[in-house]
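Chemist: Structure provided below as structure tokens; questions to follow.
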Amino acid sequence: METDFLPPHLRKYVVEQHYEKYTPVDQAVWRYVLRQLKAFLSKHAHECYVEGLNKTGIDIERIPRIEDVSKKIQEFGWRALPVSGFIPPAAFMELQSLGVLPIASDMRTLDHLLYTPAPDIVHEAAGHAPILIHPEFSDYLRQYAQVAKKAIISKEDLDLYEAIRDLSDIKENPASTPEQVKAAEEHLDKVGKSISHISEASELSRMNWWTAEYGLIGELDNPKIFGAGLLSSVGESKWCLSQKVKKIPLTVDCIKTSYDITEPQPQLFVAKDFKTLVRVLDEMADQMAFRIGGLKGLNKAIEAQSVNTAELNSGLQISGQIVEAITDSNGTLAYLRLQGPSQLSYQDHELPGHDQKYHAHGFGTPVGFLKAYPNQCPSTFTADQWSALNVVPGKETRLEFVSGVVVTGKVQSVLEKDGKTLVLALTDAKAELNGRILFAPEWGTFDMAVGSTVPSVFGGPADREAYGETTDFVAKRVPAPKYSTEELQRQNLYGQVRKIREDKLQGAALTDALEKVLAAHKTLMPTDWLLLMESLELVLSRHPESKLKKQIEDDLTTLSKKDEKTHGLIQDGLVLAGAL
């Protein structure tokens with residue numbers, strides 16, 4: 001799998017698809033879901049959906065190879081790469097911003113045929129990929145990713161992400177016990193209830209949910225489906241268009257509506273067209289710290305308790321956990337303080353000598369204007385202006401800020417880029433504000449950032465690759481399922497039915513082959529309805545007068561009485577098979 005074009009910190013999320021891992025049961029589940037979806041969505045999805053299935057190489061008969069999908073969507077400016085289950089939201093967004101569609105290579109189980117709590121290849125390939133052929137939606141998705149990767153993600157968001165991923169992995173693993181599922185559910189509930197504020201990342205997640213995942217488009221009273229969550233769910237694609245689901249015109253206020261991934265949605269938002277998505281996204285971006293900056297942006301970062309970046313108007317970027325924005329008597333930012341590993345960058349590239357090892361214990365700097373030049377940003381000072389302040393290597397200087405911050409020390413060096421002063425390094429330095437010591441000589445060299453305002457604050461480090469691993473970029477793998485002897489026997493029977501189809505057996509030869517499979521089915525797994533459905537399809541199309549027809553229909557009728565969900569699945573299958 002070609003990943004050289006990716007930044008190194010993203011490559012770890014890419015996995016091999018290992019096509020051989022898909023069992024005959026997986027292939028049967030894919031086939032059932034895709035046949036149902038295509039039949040329903042050809043009438044109720046956005047008009048580009050069915051065309052998109054064909055153009056992206058999504059075959060109803062078998063699970064796609066992601067490398068084949070990637071070759072197809074390259075025609076539309078995208079490529080696809082396989083990942084394992086949930087990947088961190090920040091990583092997902094950065095991949096999309098690079099034109100990469102991450103496709104979870106895992107396959108949902110028969111128990112979760114209608115809806116899976118975890119990302120899977122049905123959702124990603126059959127849900128997301130087909131809509132990418134529409135240029136306006138493709139443009140929205142790219143713009144969304146660019147905005148979302150700037151969002152401030154909180155420590156609480158990361159805890160919630162881990163809890164959701166753990167629960168989805170446990171639920172999808174056939175070897176999981178009821179006790180394990182219950183424990184994971186209780187942990188998720190506990191984490192969810194501990195959320196103290198809604199971060200920008202959470203708001204962006206909601207916007208993504210109500211658009212790219214669960215979005216409707218067109219007229220309010222007769223919308224079409226375009227969200228991948230709906231396009232990949234047989235049950236929800238039908239439910240969502242019913243009168244039971246409230247339809248609301250899409251506005252930026254959708255970010256105020258939360259969602260529950262374990263339940264069908266009680267309301268959905270309808271975009272007039274794909275251009276509406278871009279407009280609403282831009283309104284959202286106008287509220288975010290990366291555009292508003294200042295104290296409001298800094299306070300968002302402080303509340304998040306995660307690694308973020310404050311960008312000064314000089315262009316200098318300060319990354320780390322921002323813990324305090326000290327203001328003067330007028331409420332204007334006077335001093336910025338970070339704790340833990342910090343990084344200084346310019347234009348998203350780490351400055352030499354200013355990595356998180358050097359700034360391992362944090363970083364602090366005054367921000368604002370100097371009394372000597374109260375209307376000019378210090379970063380634009382000329383050499384003569386700095387010289388007038390004794391800011392010359394080897395000289396002692398005293399810098400008084402309008403805010404009241406006073407910095408003294410011996411100038412060690414002056415760092416400039418593109419004609420702007422970015423960092424002053426002082427030894428034997430002291431910084432204080434109204435009697436509060438902000439930096440003391442015994443702390444070492446004082447690297448003072450230069451800038452008068454903070455126009456932007458955004459999520460994560462400016463140079464993520466140089467900064468190194470952060471908690472929002474942990475790579476995990478979905479545990480490989482362990483199959484019992486009974487499950488392996490079941491897979492074998494499904495494999496036999498698939499071979500019968502692919503060998504194009506007809507007439508009496510078909511009946512003879514199926515009879516042996518169905519006899520074993522009755523002994524080994526009498527409650528499995530999908531294998532019966534696959535068999536009935538073959539009988540109806542290749543040997544309709546077979547004695548097996550009534551036997552299979554009777555068995556399916558009996559199984560359909562198990563519960564409402566099974567009844568619906570069987571009825572839908574019978575309709576497509578031509579039995580109803």
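Residues are referred to by chain and number: the chain letter is A, B, ... according to the order shown in the structure tokens, the number counts from 1 in that chain, and ligands are numbered separately from 1 in the order shown.
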When you look at Tyr32 (chain A) with a cut-off of 9 Å (counting only C-alpha atoms), what residues show up, excluding the ones that are within fewer than 3 positions of it in the same chain? I need them as a compact mmCIF listing (two decimals) with all heavy atoms, in the first residue's frame.
Modeler:
# COMPACT_ATOMS: atom_id res chain seq x y z
N GLN A 27 -19.04 -12.02 3.18
CA GLN A 27 -19.43 -11.74 1.79
C GLN A 27 -20.94 -11.79 1.62
O GLN A 27 -21.53 -10.98 0.89
CB GLN A 27 -18.75 -12.74 0.84
CG GLN A 27 -17.23 -12.67 0.80
CD GLN A 27 -16.70 -11.45 0.05
OE1 GLN A 27 -17.45 -10.62 -0.42
NE2 GLN A 27 -15.37 -11.34 -0.04
N ALA A 28 -21.59 -12.72 2.33
CA ALA A 28 -23.05 -12.83 2.24
C ALA A 28 -23.73 -11.61 2.88
O ALA A 28 -24.74 -11.11 2.37
CB ALA A 28 -23.52 -14.11 2.92
N VAL A 29 -23.18 -11.15 4.00
CA VAL A 29 -23.72 -9.96 4.65
C VAL A 29 -23.58 -8.75 3.73
O VAL A 29 -24.51 -7.96 3.56
CB VAL A 29 -23.02 -9.71 6.01
CG1 VAL A 29 -23.39 -8.34 6.56
CG2 VAL A 29 -23.40 -10.79 7.00
N ARG A 35 -27.57 -5.18 -1.85
CA ARG A 35 -28.76 -5.38 -2.70
C ARG A 35 -29.93 -4.59 -2.14
O ARG A 35 -30.69 -3.95 -2.88
CB ARG A 35 -29.11 -6.86 -2.78
CG ARG A 35 -28.09 -7.67 -3.59
CD ARG A 35 -28.43 -9.15 -3.63
NE ARG A 35 -29.52 -9.41 -4.57
CZ ARG A 35 -30.70 -9.90 -4.25
NH1 ARG A 35 -30.96 -10.20 -2.97
NH2 ARG A 35 -31.61 -10.11 -5.15
N GLN A 36 -30.09 -4.61 -0.83
CA GLN A 36 -31.18 -3.86 -0.21
C GLN A 36 -30.99 -2.35 -0.40
O GLN A 36 -31.93 -1.63 -0.74
CB GLN A 36 -31.25 -4.18 1.29
CG GLN A 36 -31.69 -5.60 1.62
CD GLN A 36 -33.14 -5.85 1.24
OE1 GLN A 36 -33.97 -4.95 1.28
NE2 GLN A 36 -33.45 -7.08 0.87
N LEU A 37 -29.76 -1.90 -0.17
CA LEU A 37 -29.50 -0.48 -0.28
C LEU A 37 -29.71 0.04 -1.70
O LEU A 37 -30.36 1.08 -1.89
CB LEU A 37 -28.06 -0.17 0.17
CG LEU A 37 -27.78 -0.26 1.67
CD1 LEU A 37 -26.29 -0.11 1.94
CD2 LEU A 37 -28.56 0.82 2.43
N ILE A 60 -21.92 -5.10 -5.99
CA ILE A 60 -22.89 -5.66 -5.05
C ILE A 60 -22.52 -7.08 -4.63
O ILE A 60 -22.78 -7.50 -3.50
CB ILE A 60 -24.30 -5.65 -5.70
CG1 ILE A 60 -24.84 -4.22 -5.69
CG2 ILE A 60 -25.26 -6.58 -4.96
CD1 ILE A 60 -26.17 -4.08 -6.36
N GLU A 61 -21.90 -7.84 -5.51
CA GLU A 61 -21.69 -9.27 -5.27
C GLU A 61 -20.56 -9.58 -4.29
O GLU A 61 -20.54 -10.66 -3.71
CB GLU A 61 -21.42 -9.99 -6.60
CG GLU A 61 -22.62 -10.04 -7.52
CD GLU A 61 -23.78 -10.83 -6.91
OE1 GLU A 61 -23.54 -11.86 -6.26
OE2 GLU A 61 -24.94 -10.40 -7.09
N LEU A 113 -26.27 -6.35 11.05
CA LEU A 113 -26.46 -6.19 9.61
C LEU A 113 -27.11 -4.85 9.26
O LEU A 113 -26.71 -4.17 8.32
CB LEU A 113 -27.31 -7.35 9.10
CG LEU A 113 -27.49 -7.47 7.59
CD1 LEU A 113 -27.57 -8.94 7.21
CD2 LEU A 113 -28.74 -6.76 7.13
N LEU A 530 -29.93 -16.06 6.95
CA LEU A 530 -29.32 -15.50 5.75
C LEU A 530 -28.88 -16.59 4.77
O LEU A 530 -29.03 -16.43 3.56
CB LEU A 530 -28.13 -14.61 6.12
CG LEU A 530 -27.46 -13.88 4.94
CD1 LEU A 530 -28.47 -13.05 4.14
CD2 LEU A 530 -26.32 -12.99 5.45
N GLU A 534 -30.04 -16.87 0.89
CA GLU A 534 -29.13 -17.03 -0.24
C GLU A 534 -29.52 -18.26 -1.07
O GLU A 534 -29.49 -18.22 -2.30
CB GLU A 534 -27.70 -17.19 0.28
CG GLU A 534 -27.11 -15.94 0.92
CD GLU A 534 -26.12 -15.24 0.02
OE1 GLU A 534 -25.06 -15.82 -0.24
OE2 GLU A 534 -26.44 -14.13 -0.44
N GLY A 573 -35.73 -9.46 2.23
CA GLY A 573 -34.99 -10.40 1.39
C GLY A 573 -35.90 -11.13 0.43
O GLY A 573 -35.55 -11.35 -0.74
Chemist: Could you give me, as number ranges by chain, the residues within 8 Å of Glu219 (chain A), counting only C-alpha atoms and dropping anything in the same chain fewer than 2 positions from it?
Modeler: A: 217, 221-223, 270, 272
Chemist: Just to be explicit: take each residue in the selection above, keep C-alpha atoms, and write the result as a PDB file, in the first residue's frame.
Modeler:
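Saved to again-v2.pdb:
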ATOM      1  CA  ILE A 217     -30.806  17.258   0.769  1.00  0.00           C
ATOM      2  CA  ASP A 221     -41.115  17.764   2.541  1.00  0.00           C
ATOM      3  CA  ASN A 222     -39.462  15.388   0.081  1.00  0.00           C
ATOM      4  CA  PRO A 223     -35.712  15.207   0.773  1.00  0.00           C
ATOM      5  CA  VAL A 270     -32.064  19.081   5.296  1.00  0.00           C
ATOM      6  CA  LYS A 272     -31.216  22.872   0.175  1.00  0.00           C
TER       7      LYS A 272
END
Chemist: Taking the backbone alone, and naming residues the way the document does, which bits of region 251-431 of chain A are strand (DSSP E or B) by DSSP, as a PyMOL selection string?
Modeler: chain A and resi 267-271+307-311+316-327+333-346+349-350+362-366+370+373+396-401+406-417+420-431
Chemist: Write out as a ChimeraX atom specification which residues come within 12 Å of Ser237 (chain A) when counting only C-alpha atoms, dropping same-chain ones fewer than 4 positions away.
Modeler: /A:33,36-45,114-115,127,213-216,223-233,241-242,245,264-265,268
Chemist: Would you export the selected residues with C-alpha atoms as a compact mmCIF listing (two decimals), in the first residue's frame, please?
Modeler:
# COMPACT_ATOMS: atom_id res chain seq x y z
CA VAL A 33 -26.91 -5.14 2.54
CA GLN A 36 -31.18 -3.86 -0.21
CA LEU A 37 -29.50 -0.48 -0.28
CA LYS A 38 -29.32 -0.22 -4.06
CA ALA A 39 -32.97 -1.20 -4.43
CA PHE A 40 -34.15 1.45 -1.96
CA LEU A 41 -31.61 4.19 -2.58
CA SER A 42 -32.00 4.20 -6.36
CA LYS A 43 -35.27 6.04 -5.61
CA HIS A 44 -34.53 7.83 -2.35
CA ALA A 45 -30.84 8.85 -2.40
CA LEU A 114 -28.83 -3.20 9.71
CA TYR A 115 -26.52 -0.90 11.65
CA GLY A 127 -21.61 5.12 2.00
CA GLU A 213 -23.02 11.18 7.94
CA TYR A 214 -26.77 11.75 8.39
CA GLY A 215 -27.55 14.54 5.94
CA LEU A 216 -30.63 14.96 3.78
CA PRO A 223 -35.71 15.21 0.77
CA LYS A 224 -33.15 12.81 -0.65
CA ILE A 225 -30.42 10.98 1.29
CA PHE A 226 -26.73 11.84 0.96
CA GLY A 227 -25.21 11.08 4.40
CA ALA A 228 -23.01 7.97 4.51
CA GLY A 229 -24.52 6.76 7.79
CA LEU A 230 -27.92 6.58 6.09
CA LEU A 231 -26.57 5.32 2.77
CA SER A 232 -24.98 2.35 4.55
CA SER A 233 -27.84 1.43 6.88
CA LEU A 241 -37.71 9.46 5.45
CA SER A 242 -40.76 8.55 7.54
CA VAL A 245 -38.31 11.71 11.95
CA PRO A 264 -31.90 6.02 15.28
CA GLN A 265 -31.99 9.81 15.00
CA LEU A 268 -32.44 15.19 10.73
Chemist: List the spatial neighbours of Ile73 (chain A) as a PyMOL selection string - criterion: any atom at most 9 Å away, only C-alpha atoms, same-chain residues fewer than 4 positions off excluded.
Modeler: chain A and resi 55-57+68-69+77-80+129-130+132-133
Chemist: Closest to Met533 (chain A) among A:Leu250, A:Gln347, A:Arg31, A:Val15, using only C-alpha atoms?
Modeler: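 Under the stated criterion, the closest residue is A:Arg31.
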Chemist: Which of region 359-574 of chain A end up as alpha helix (DSSP H) when DSSP is run on this backbone - answer as a ChimeraX atom specification?
Modeler: /A:383-388,464-467,485-502,507-524,529-542,548-559,564-574
Chemist: Name the closest residue to Lys12 (chain A) among the candidates A:Ala372, A:Ala91, A:Leu488, A:Leu524; distances are taken between atoms, counting only C-alpha atoms.
Modeler: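 Between A:Ala372, A:Ala91, A:Leu488, A:Leu524, the residue approaching Lys12 (chain A) most closely is A:Ala91.
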Chemist: Would you list the contacts of Asn434 (chain A) as a PDB file with C-alpha atoms, in the first residue's frame, taking every protein, DNA or RNA residue within 10 Å and counting only C-alpha atoms, but skipping same-chain residues closer than 5 positions in sequence?
Modeler:
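Dumped everything to result-v1.pdb:
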ATOM      1  CA  ASP A 328      -3.518  43.843  32.419  1.00  0.00           C
ATOM      2  CA  SER A 403       0.589  46.263  29.915  1.00  0.00           C
ATOM      3  CA  GLY A 404       2.987  46.799  32.804  1.00  0.00           C
ATOM      4  CA  VAL A 405       5.120  43.721  32.142  1.00  0.00           C
ATOM      5  CA  VAL A 406       8.821  44.482  32.587  1.00  0.00           C
TER       6      VAL A 406
END
Chemist: Just the residues within 6 Å of Ser342 (chain A), please, counting only C-alpha atoms, with nothing from its chain fewer than 3 positions along; format it as a ChimeraX atom specification.
Modeler: /A:319-320,356,359,362
Chemist: With only C-alpha atoms as the basis for distance, which of A:Glu236, A:Leu548, A:Phe86, A:Asn313 is at the shortest distance from Gln376 (chain A)?
Modeler: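 Of A:Glu236, A:Leu548, A:Phe86, A:Asn313, the one nearest Gln376 (chain A) is A:Asn313, counting only C-alpha atoms.
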Chemist: Go through A:Gln17, A:Thr557, A:Gln305, A:Asn54 one by one, measure the shortest atom-to-atom distance of each to Gly85 (chain A) using only C-alpha atoms, and give the residue with the smallest value.
Modeler: A:Gln17
Chemist: Which residue, A:Val122, A:Ile153, A:Leu536, A:Leu95, has the smallest gap to Leu141 (chain A) when you use only C-alpha atoms?
Modeler: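 Comparing A:Val122, A:Ile153, A:Leu536, A:Leu95 against Leu141 (chain A), the winner is A:Leu95.
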